Amino acid sequence: MNILVTGGAGFIGSHLVSHLLSCGYDVAVIDCFHPYYSIERKRKQFQTLTNGHHVRLYEIDLLEEEKVAQIFQAYKPNVVYHLAALPGVPNSLLQPLAYVDYDIKATINVLKAAGNVGAEHVLFASSSSVYGDLGEKPLKEEMATGRVVSPYAAAKYGAESFCHAYAQLFGYQLTIFRYFTVYGPWGRPDMAISRFIQQLLRNEAITVYGNAARDYTYVDDIVKGMILALQRNGSSDIFNLGAGRPITMEQLLNYLRNEFPNMKVNGAPSRLGDVKATWADITKAQQAFGYEPTVTFEEGLARTIAWAKTHESLGKEGNR
Ligand code: NAD
């Protein structure tokens, strides 16, 4: 089976590629090493996580439609994991049009190219942000109505619609994953857990925006779920991939305080576009392909802190 991973040099993508390679799959990656965060850091994570394995790397921008089509023609993937995107809610308020390009236009190029080479299965990385700021919890897949609260979420919701349209047009199987705040080693430096740990390792005060609760999900659990979904029977569908429980900001700070007892916290108002709380109902993924998150938050955070301690130099790179 030939598997193509877009965004395969990013945080979740490079973990996914690493797991796919150790399962023995033939894997190719498209990534443009977008400077949203440090390119050097991205190269390091990709090299480290694919160490010793053969993987084809196509360094192109998915907005270049002809090049995308050529690569798909050359590699002829059976399966396409499409993770490449511009992430980050706060940045999407500053550069909304970039999200139309990187999260929607690039997705259309991938969906068309996959269909044109007869790919059988396209798996798309969407986000819990598509639920908007719903009060009702836990969040079930059918609760997303498009009433989103950030340009990032609007782009993801739009991209999901294009996924449905092209799956119908080409007849491939479509799996949409809605991830819930993924963390772990090599975690994206703009995200709260990575940012806090790096600042604490430098003995700096951390800035906490608002009091949001998040269904933080350890990266290995997400990746295992994404690979289990390859065996899924059935038509196109959407699945939450979360841990299935919310962690409040107070709980997160208490866990961090155990490791960093002198921690100083500056409170700041919540940021525009951020939702108050996320909490995934994961029943559908459990039933459809045996998704089962196993890493507790305490354990996942301990592993992330241990990793950060041995990679402190990365903390200076690429924070937003
Ligand atoms: P990331 O920024 O680390 O990875 C994205 C990768 O895509 C980067 O390596 C980037 O260079 C590449 N890329 C972006 N645009 C590209 C283009 N036009 N052509 C080629 N490559 C391109 O982000 P991540 O956290 O690993 O997220 C992966 C996916 O999961 C994204 O679609 C993101 O929106 C989604 N997601 C992530 C989270 C999370 O908690 N990390 C939560 C929900 C959804």
# chains A, B, ... in the order shown; residues from 1 in each chain; ligands from 1

$ residues_near_ligand --ligand "ligand 1" --cutoff "7 Å" --atoms "only C-alpha atoms and all ligand atoms" --output "PDB file with N, CA, C and O atoms, in the first residue's frame"
ATOM      1  N   THR A   6       0.466  14.474   3.563  1.00  0.00           N
ATOM      2  CA  THR A   6       0.778  15.903   3.390  1.00  0.00           C
ATOM      3  C   THR A   6       0.956  16.506   4.777  1.00  0.00           C
ATOM      4  O   THR A   6       0.300  16.083   5.733  1.00  0.00           O
ATOM      5  N   GLY A   7       1.881  17.468   4.873  1.00  0.00           N
ATOM      6  CA  GLY A   7       2.181  18.014   6.203  1.00  0.00           C
ATOM      7  C   GLY A   7       2.935  17.007   7.055  1.00  0.00           C
ATOM      8  O   GLY A   7       2.926  17.084   8.288  1.00  0.00           O
ATOM      9  N   GLY A   8       3.609  16.071   6.390  1.00  0.00           N
ATOM     10  CA  GLY A   8       4.287  14.971   7.088  1.00  0.00           C
ATOM     11  C   GLY A   8       5.542  15.391   7.831  1.00  0.00           C
ATOM     12  O   GLY A   8       6.134  14.581   8.553  1.00  0.00           O
ATOM     13  N   ALA A   9       5.964  16.663   7.679  1.00  0.00           N
ATOM     14  CA  ALA A   9       7.106  17.142   8.468  1.00  0.00           C
ATOM     15  C   ALA A   9       6.640  17.967   9.665  1.00  0.00           C
ATOM     16  O   ALA A   9       7.463  18.463  10.429  1.00  0.00           O
ATOM     17  N   GLY A  10       5.335  18.134   9.807  1.00  0.00           N
ATOM     18  CA  GLY A  10       4.810  18.908  10.930  1.00  0.00           C
ATOM     19  C   GLY A  10       4.760  18.069  12.201  1.00  0.00           C
ATOM     20  O   GLY A  10       5.218  16.916  12.226  1.00  0.00           O
ATOM     21  N   PHE A  11       4.185  18.636  13.235  1.00  0.00           N
ATOM     22  CA  PHE A  11       4.146  17.966  14.549  1.00  0.00           C
ATOM     23  C   PHE A  11       3.415  16.621  14.456  1.00  0.00           C
ATOM     24  O   PHE A  11       4.022  15.552  14.634  1.00  0.00           O
ATOM     25  N   ILE A  12       2.123  16.634  14.146  1.00  0.00           N
ATOM     26  CA  ILE A  12       1.380  15.370  14.120  1.00  0.00           C
ATOM     27  C   ILE A  12       1.839  14.525  12.936  1.00  0.00           C
ATOM     28  O   ILE A  12       1.998  13.310  13.038  1.00  0.00           O
ATOM     29  N   GLY A  13       2.094  15.184  11.799  1.00  0.00           N
ATOM     30  CA  GLY A  13       2.482  14.475  10.579  1.00  0.00           C
ATOM     31  C   GLY A  13       3.745  13.657  10.762  1.00  0.00           C
ATOM     32  O   GLY A  13       3.819  12.500  10.322  1.00  0.00           O
ATOM     33  N   ILE A  30       4.606  15.044   1.452  1.00  0.00           N
ATOM     34  CA  ILE A  30       4.681  16.381   0.840  1.00  0.00           C
ATOM     35  C   ILE A  30       4.666  17.391   1.980  1.00  0.00           C
ATOM     36  O   ILE A  30       3.782  17.359   2.835  1.00  0.00           O
ATOM     37  N   ASP A  31       5.656  18.266   1.978  1.00  0.00           N
ATOM     38  CA  ASP A  31       5.674  19.353   2.971  1.00  0.00           C
ATOM     39  C   ASP A  31       6.503  20.503   2.416  1.00  0.00           C
ATOM     40  O   ASP A  31       7.562  20.271   1.829  1.00  0.00           O
ATOM     41  N   CYS A  32       6.033  21.715   2.610  1.00  0.00           N
ATOM     42  CA  CYS A  32       6.778  22.878   2.088  1.00  0.00           C
ATOM     43  C   CYS A  32       7.617  23.538   3.169  1.00  0.00           C
ATOM     44  O   CYS A  32       8.257  24.548   2.926  1.00  0.00           O
ATOM     45  N   PHE A  33       7.647  22.960   4.384  1.00  0.00           N
ATOM     46  CA  PHE A  33       8.368  23.555   5.519  1.00  0.00           C
ATOM     47  C   PHE A  33       7.966  25.032   5.658  1.00  0.00           C
ATOM     48  O   PHE A  33       8.787  25.931   5.566  1.00  0.00           O
ATOM     49  N   HIS A  34       6.692  25.220   5.853  1.00  0.00           N
ATOM     50  CA  HIS A  34       6.135  26.568   5.995  1.00  0.00           C
ATOM     51  C   HIS A  34       6.731  27.245   7.245  1.00  0.00           C
ATOM     52  O   HIS A  34       6.841  26.622   8.296  1.00  0.00           O
ATOM     53  N   PRO A  35       7.080  28.540   7.133  1.00  0.00           N
ATOM     54  CA  PRO A  35       7.742  29.201   8.285  1.00  0.00           C
ATOM     55  C   PRO A  35       6.785  29.671   9.379  1.00  0.00           C
ATOM     56  O   PRO A  35       7.118  30.593  10.126  1.00  0.00           O
ATOM     57  N   TYR A  36       5.629  29.054   9.517  1.00  0.00           N
ATOM     58  CA  TYR A  36       4.715  29.404  10.624  1.00  0.00           C
ATOM     59  C   TYR A  36       5.454  29.267  11.968  1.00  0.00           C
ATOM     60  O   TYR A  36       5.272  30.040  12.873  1.00  0.00           O
ATOM     61  N   LYS A  42      11.396  22.113  12.354  1.00  0.00           N
ATOM     62  CA  LYS A  42      10.621  21.140  11.577  1.00  0.00           C
ATOM     63  C   LYS A  42      11.540  20.093  10.950  1.00  0.00           C
ATOM     64  O   LYS A  42      11.236  18.910  10.921  1.00  0.00           O
ATOM     65  N   ILE A  60       7.347  20.616  -1.708  1.00  0.00           N
ATOM     66  CA  ILE A  60       6.617  21.569  -2.567  1.00  0.00           C
ATOM     67  C   ILE A  60       5.434  22.133  -1.776  1.00  0.00           C
ATOM     68  O   ILE A  60       4.994  21.572  -0.791  1.00  0.00           O
ATOM     69  N   ASP A  61       4.933  23.244  -2.300  1.00  0.00           N
ATOM     70  CA  ASP A  61       3.751  23.877  -1.704  1.00  0.00           C
ATOM     71  C   ASP A  61       2.511  23.329  -2.402  1.00  0.00           C
ATOM     72  O   ASP A  61       2.445  23.314  -3.637  1.00  0.00           O
ATOM     73  N   LEU A  62       1.549  22.871  -1.619  1.00  0.00           N
ATOM     74  CA  LEU A  62       0.331  22.267  -2.193  1.00  0.00           C
ATOM     75  C   LEU A  62      -0.489  23.274  -2.998  1.00  0.00           C
ATOM     76  O   LEU A  62      -1.406  22.891  -3.724  1.00  0.00           O
ATOM     77  N   LEU A  63      -0.150  24.548  -2.879  1.00  0.00           N
ATOM     78  CA  LEU A  63      -0.864  25.536  -3.702  1.00  0.00           C
ATOM     79  C   LEU A  63      -0.408  25.463  -5.161  1.00  0.00           C
ATOM     80  O   LEU A  63      -1.064  26.010  -6.043  1.00  0.00           O
ATOM     81  N   LEU A  83      -2.785  16.373   6.113  1.00  0.00           N
ATOM     82  CA  LEU A  83      -2.627  17.130   7.356  1.00  0.00           C
ATOM     83  C   LEU A  83      -2.107  18.543   7.116  1.00  0.00           C
ATOM     84  O   LEU A  83      -2.163  19.378   8.019  1.00  0.00           O
ATOM     85  N   ALA A  84      -1.553  18.797   5.933  1.00  0.00           N
ATOM     86  CA  ALA A  84      -0.929  20.102   5.701  1.00  0.00           C
ATOM     87  C   ALA A  84      -1.973  21.203   5.827  1.00  0.00           C
ATOM     88  O   ALA A  84      -3.065  21.098   5.281  1.00  0.00           O
ATOM     89  N   ALA A  85      -1.635  22.216   6.562  1.00  0.00           N
ATOM     90  CA  ALA A  85      -2.531  23.353   6.764  1.00  0.00           C
ATOM     91  C   ALA A  85      -1.764  24.423   7.518  1.00  0.00           C
ATOM     92  O   ALA A  85      -0.700  24.151   8.073  1.00  0.00           O
ATOM     93  N   LEU A  86      -2.308  25.616   7.523  1.00  0.00           N
ATOM     94  CA  LEU A  86      -1.810  26.645   8.422  1.00  0.00           C
ATOM     95  C   LEU A  86      -2.649  26.521   9.687  1.00  0.00           C
ATOM     96  O   LEU A  86      -3.870  26.669   9.629  1.00  0.00           O
ATOM     97  N   PRO A  87      -2.020  26.164  10.827  1.00  0.00           N
ATOM     98  CA  PRO A  87      -2.819  25.991  12.050  1.00  0.00           C
ATOM     99  C   PRO A  87      -2.883  27.302  12.846  1.00  0.00           C
ATOM    100  O   PRO A  87      -2.332  28.322  12.416  1.00  0.00           O
ATOM    101  N   TYR A 102      -4.171  28.163   2.476  1.00  0.00           N
ATOM    102  CA  TYR A 102      -3.473  26.957   2.978  1.00  0.00           C
ATOM    103  C   TYR A 102      -4.414  25.876   3.480  1.00  0.00           C
ATOM    104  O   TYR A 102      -4.075  24.706   3.484  1.00  0.00           O
ATOM    105  N   ALA A 106      -5.434  24.652  -0.874  1.00  0.00           N
ATOM    106  CA  ALA A 106      -4.466  23.539  -0.902  1.00  0.00           C
ATOM    107  C   ALA A 106      -5.193  22.208  -0.754  1.00  0.00           C
ATOM    108  O   ALA A 106      -4.834  21.206  -1.391  1.00  0.00           O
ATOM    109  N   ALA A 125      -7.366  15.896   8.246  1.00  0.00           N
ATOM    110  CA  ALA A 125      -7.162  16.407   9.613  1.00  0.00           C
ATOM    111  C   ALA A 125      -7.998  17.654   9.836  1.00  0.00           C
ATOM    112  O   ALA A 125      -7.619  18.746   9.419  1.00  0.00           O
ATOM    113  N   SER A 126      -9.140  17.488  10.480  1.00  0.00           N
ATOM    114  CA  SER A 126      -9.933  18.650  10.857  1.00  0.00           C
ATOM    115  C   SER A 126      -9.756  18.918  12.350  1.00  0.00           C
ATOM    116  O   SER A 126      -8.832  18.361  12.968  1.00  0.00           O
ATOM    117  N   SER A 127     -10.627  19.736  12.894  1.00  0.00           N
ATOM    118  CA  SER A 127     -10.357  20.252  14.238  1.00  0.00           C
ATOM    119  C   SER A 127     -11.633  20.380  15.063  1.00  0.00           C
ATOM    120  O   SER A 127     -12.712  20.641  14.512  1.00  0.00           O
ATOM    121  N   SER A 128     -11.465  20.266  16.381  1.00  0.00           N
ATOM    122  CA  SER A 128     -12.602  20.481  17.295  1.00  0.00           C
ATOM    123  C   SER A 128     -13.139  21.895  17.176  1.00  0.00           C
ATOM    124  O   SER A 128     -14.264  22.165  17.596  1.00  0.00           O
ATOM    125  N   ARG A 178     -11.562  14.870  13.676  1.00  0.00           N
ATOM    126  CA  ARG A 178     -11.551  16.157  14.396  1.00  0.00           C
ATOM    127  C   ARG A 178     -10.675  15.974  15.628  1.00  0.00           C
ATOM    128  O   ARG A 178     -11.063  15.293  16.586  1.00  0.00           O
ATOM    129  N   TYR A 179      -9.470  16.543  15.572  1.00  0.00           N
ATOM    130  CA  TYR A 179      -8.524  16.406  16.683  1.00  0.00           C
ATOM    131  C   TYR A 179      -8.881  17.403  17.784  1.00  0.00           C
ATOM    132  O   TYR A 179      -9.307  18.525  17.510  1.00  0.00           O
ATOM    133  N   PHE A 180      -8.576  16.984  19.006  1.00  0.00           N
ATOM    134  CA  PHE A 180      -8.774  17.852  20.171  1.00  0.00           C
ATOM    135  C   PHE A 180      -7.414  18.150  20.797  1.00  0.00           C
ATOM    136  O   PHE A 180      -6.789  17.271  21.380  1.00  0.00           O
ATOM    137  N   THR A 181      -6.936  19.361  20.646  1.00  0.00           N
ATOM    138  CA  THR A 181      -5.699  19.900  21.255  1.00  0.00           C
ATOM    139  C   THR A 181      -4.635  18.826  21.514  1.00  0.00           C
ATOM    140  O   THR A 181      -4.533  18.268  22.608  1.00  0.00           O
ATOM    141  N   VAL A 182      -3.850  18.580  20.491  1.00  0.00           N
ATOM    142  CA  VAL A 182      -2.864  17.503  20.524  1.00  0.00           C
ATOM    143  C   VAL A 182      -1.561  18.021  21.166  1.00  0.00           C
ATOM    144  O   VAL A 182      -1.118  19.128  20.855  1.00  0.00           O
ATOM    145  N   TYR A 183      -0.964  17.217  22.052  1.00  0.00           N
ATOM    146  CA  TYR A 183       0.285  17.637  22.694  1.00  0.00           C
ATOM    147  C   TYR A 183       1.205  16.422  22.790  1.00  0.00           C
ATOM    148  O   TYR A 183       0.773  15.278  22.579  1.00  0.00           O
ATOM    149  N   ARG A 188       3.723  21.547  18.869  1.00  0.00           N
ATOM    150  CA  ARG A 188       3.856  22.844  18.182  1.00  0.00           C
ATOM    151  C   ARG A 188       4.167  23.953  19.176  1.00  0.00           C
ATOM    152  O   ARG A 188       3.491  24.082  20.184  1.00  0.00           O
TER     153      ARG A 188
END

$ residues_around --residues "His15 of chain A" --least-positions-apart "4" --cutoff "10 Å" --atoms "only C-alpha atoms" --output "list in words"
Gly8, Ala9, Gly10, Phe11, His19, Leu20, Leu21, Gln45, Phe46, Thr48, Leu49, Thr50, Gly184, Pro185, Trp186, Val219, Asp220, Ile222, Val223 and Lys224 of chain A

$ closest_residue --among "A:Glu250, A:Glu259, A:Glu142, A:Glu292" --to "Ile305 of chain A" --atoms "only C-alpha atoms"
A:Glu259

$ closest_residue --among "A:Tyr209, A:Pro293, A:Tyr152, A:Asn116" --to "Leu97 of chain A" --atoms "only C-alpha atoms"
A:Tyr152

$ closest_residue --among "A:Val17, A:Leu314, A:Leu272, A:Ala28" --to "Val149 of chain A" --atoms "only C-alpha atoms"
A:Leu272

$ closest_residue --among "A:Met249, A:Leu139, A:Leu111, A:Ala306" --to "Tyr172 of chain A" --atoms "only C-alpha atoms"
A:Leu111

$ closest_residue --among "A:Ile104, A:Gly135, A:Ile197, A:Phe72" --to "Leu256 of chain A" --atoms "only C-alpha atoms"
A:Ile197

$ decode --residues "segment 226-237 of chain A" --atoms "all heavy atoms" --output "PDB file, in the first residue's frame"
ATOM      1  N   MET A 226      -5.477   7.206  13.981  1.00  0.00           N
ATOM      2  CA  MET A 226      -5.444   7.504  12.536  1.00  0.00           C
ATOM      3  C   MET A 226      -5.045   6.266  11.731  1.00  0.00           C
ATOM      4  O   MET A 226      -5.490   6.085  10.597  1.00  0.00           O
ATOM      5  CB  MET A 226      -4.438   8.628  12.252  1.00  0.00           C
ATOM      6  CG  MET A 226      -4.853   9.964  12.819  1.00  0.00           C
ATOM      7  SD  MET A 226      -3.509  11.146  12.701  1.00  0.00           S
ATOM      8  CE  MET A 226      -3.574  11.519  10.963  1.00  0.00           C
ATOM      9  N   ILE A 227      -4.191   5.436  12.316  1.00  0.00           N
ATOM     10  CA  ILE A 227      -3.748   4.235  11.594  1.00  0.00           C
ATOM     11  C   ILE A 227      -4.816   3.141  11.690  1.00  0.00           C
ATOM     12  O   ILE A 227      -5.101   2.453  10.698  1.00  0.00           O
ATOM     13  CB  ILE A 227      -2.362   3.772  12.096  1.00  0.00           C
ATOM     14  CG1 ILE A 227      -1.324   4.856  11.745  1.00  0.00           C
ATOM     15  CG2 ILE A 227      -1.962   2.431  11.473  1.00  0.00           C
ATOM     16  CD1 ILE A 227       0.075   4.603  12.249  1.00  0.00           C
ATOM     17  N   LEU A 228      -5.457   3.012  12.850  1.00  0.00           N
ATOM     18  CA  LEU A 228      -6.558   2.046  12.980  1.00  0.00           C
ATOM     19  C   LEU A 228      -7.657   2.340  11.957  1.00  0.00           C
ATOM     20  O   LEU A 228      -8.298   1.424  11.429  1.00  0.00           O
ATOM     21  CB  LEU A 228      -7.154   2.120  14.390  1.00  0.00           C
ATOM     22  CG  LEU A 228      -6.390   1.420  15.501  1.00  0.00           C
ATOM     23  CD1 LEU A 228      -6.983   1.796  16.865  1.00  0.00           C
ATOM     24  CD2 LEU A 228      -6.432  -0.096  15.305  1.00  0.00           C
ATOM     25  N   ALA A 229      -7.860   3.619  11.674  1.00  0.00           N
ATOM     26  CA  ALA A 229      -8.952   4.008  10.756  1.00  0.00           C
ATOM     27  C   ALA A 229      -8.711   3.526   9.328  1.00  0.00           C
ATOM     28  O   ALA A 229      -9.640   3.520   8.514  1.00  0.00           O
ATOM     29  CB  ALA A 229      -9.146   5.518  10.792  1.00  0.00           C
ATOM     30  N   LEU A 230      -7.476   3.098   9.024  1.00  0.00           N
ATOM     31  CA  LEU A 230      -7.208   2.535   7.680  1.00  0.00           C
ATOM     32  C   LEU A 230      -8.061   1.286   7.453  1.00  0.00           C
ATOM     33  O   LEU A 230      -8.387   0.942   6.323  1.00  0.00           O
ATOM     34  CB  LEU A 230      -5.734   2.141   7.543  1.00  0.00           C
ATOM     35  CG  LEU A 230      -4.726   3.261   7.374  1.00  0.00           C
ATOM     36  CD1 LEU A 230      -3.322   2.695   7.324  1.00  0.00           C
ATOM     37  CD2 LEU A 230      -5.028   4.057   6.109  1.00  0.00           C
ATOM     38  N   GLN A 231      -8.357   0.565   8.547  1.00  0.00           N
ATOM     39  CA  GLN A 231      -9.101  -0.702   8.438  1.00  0.00           C
ATOM     40  C   GLN A 231     -10.610  -0.476   8.492  1.00  0.00           C
ATOM     41  O   GLN A 231     -11.375  -1.419   8.484  1.00  0.00           O
ATOM     42  CB  GLN A 231      -8.725  -1.653   9.591  1.00  0.00           C
ATOM     43  CG  GLN A 231      -7.255  -1.775   9.901  1.00  0.00           C
ATOM     44  CD  GLN A 231      -6.435  -2.208   8.700  1.00  0.00           C
ATOM     45  OE1 GLN A 231      -6.944  -2.875   7.814  1.00  0.00           O
ATOM     46  NE2 GLN A 231      -5.175  -1.783   8.660  1.00  0.00           N
ATOM     47  N   ARG A 232     -11.010   0.786   8.567  1.00  0.00           N
ATOM     48  CA  ARG A 232     -12.431   1.069   8.754  1.00  0.00           C
ATOM     49  C   ARG A 232     -13.251   0.644   7.544  1.00  0.00           C
ATOM     50  O   ARG A 232     -12.885   0.932   6.410  1.00  0.00           O
ATOM     51  CB  ARG A 232     -12.573   2.580   8.974  1.00  0.00           C
ATOM     52  CG  ARG A 232     -13.938   3.068   9.268  1.00  0.00           C
ATOM     53  CD  ARG A 232     -13.897   4.547   9.578  1.00  0.00           C
ATOM     54  NE  ARG A 232     -13.831   5.390   8.402  1.00  0.00           N
ATOM     55  CZ  ARG A 232     -14.868   5.680   7.627  1.00  0.00           C
ATOM     56  NH1 ARG A 232     -16.046   5.174   7.886  1.00  0.00           N
ATOM     57  NH2 ARG A 232     -14.713   6.477   6.580  1.00  0.00           N
ATOM     58  N   ASN A 233     -14.355  -0.022   7.808  1.00  0.00           N
ATOM     59  CA  ASN A 233     -15.286  -0.316   6.720  1.00  0.00           C
ATOM     60  C   ASN A 233     -16.322   0.797   6.680  1.00  0.00           C
ATOM     61  O   ASN A 233     -16.542   1.474   7.665  1.00  0.00           O
ATOM     62  CB  ASN A 233     -16.012  -1.638   6.982  1.00  0.00           C
ATOM     63  CG  ASN A 233     -15.047  -2.800   6.903  1.00  0.00           C
ATOM     64  OD1 ASN A 233     -14.203  -2.848   6.016  1.00  0.00           O
ATOM     65  ND2 ASN A 233     -15.139  -3.718   7.853  1.00  0.00           N
ATOM     66  N   GLY A 234     -16.956   0.933   5.542  1.00  0.00           N
ATOM     67  CA  GLY A 234     -18.068   1.873   5.505  1.00  0.00           C
ATOM     68  C   GLY A 234     -17.759   3.113   4.717  1.00  0.00           C
ATOM     69  O   GLY A 234     -16.634   3.335   4.271  1.00  0.00           O
ATOM     70  N   SER A 235     -18.778   3.940   4.577  1.00  0.00           N
ATOM     71  CA  SER A 235     -18.691   5.107   3.697  1.00  0.00           C
ATOM     72  C   SER A 235     -18.035   6.277   4.424  1.00  0.00           C
ATOM     73  O   SER A 235     -17.553   6.139   5.552  1.00  0.00           O
ATOM     74  CB  SER A 235     -20.099   5.464   3.240  1.00  0.00           C
ATOM     75  OG  SER A 235     -20.896   5.585   4.384  1.00  0.00           O
ATOM     76  N   SER A 236     -18.079   7.411   3.771  1.00  0.00           N
ATOM     77  CA  SER A 236     -17.425   8.603   4.314  1.00  0.00           C
ATOM     78  C   SER A 236     -18.019   8.972   5.662  1.00  0.00           C
ATOM     79  O   SER A 236     -19.233   8.902   5.845  1.00  0.00           O
ATOM     80  CB  SER A 236     -17.623   9.760   3.334  1.00  0.00           C
ATOM     81  OG  SER A 236     -16.981   9.424   2.127  1.00  0.00           O
ATOM     82  N   ASP A 237     -17.140   9.368   6.572  1.00  0.00           N
ATOM     83  CA  ASP A 237     -17.658   9.698   7.894  1.00  0.00           C
ATOM     84  C   ASP A 237     -16.680  10.598   8.667  1.00  0.00           C
ATOM     85  O   ASP A 237     -15.518  10.748   8.274  1.00  0.00           O
ATOM     86  CB  ASP A 237     -17.925   8.406   8.685  1.00  0.00           C
ATOM     87  CG  ASP A 237     -19.185   8.525   9.533  1.00  0.00           C
ATOM     88  OD1 ASP A 237     -19.561   9.659   9.894  1.00  0.00           O
ATOM     89  OD2 ASP A 237     -19.772   7.488   9.845  1.00  0.00           O
TER      90      ASP A 237
END
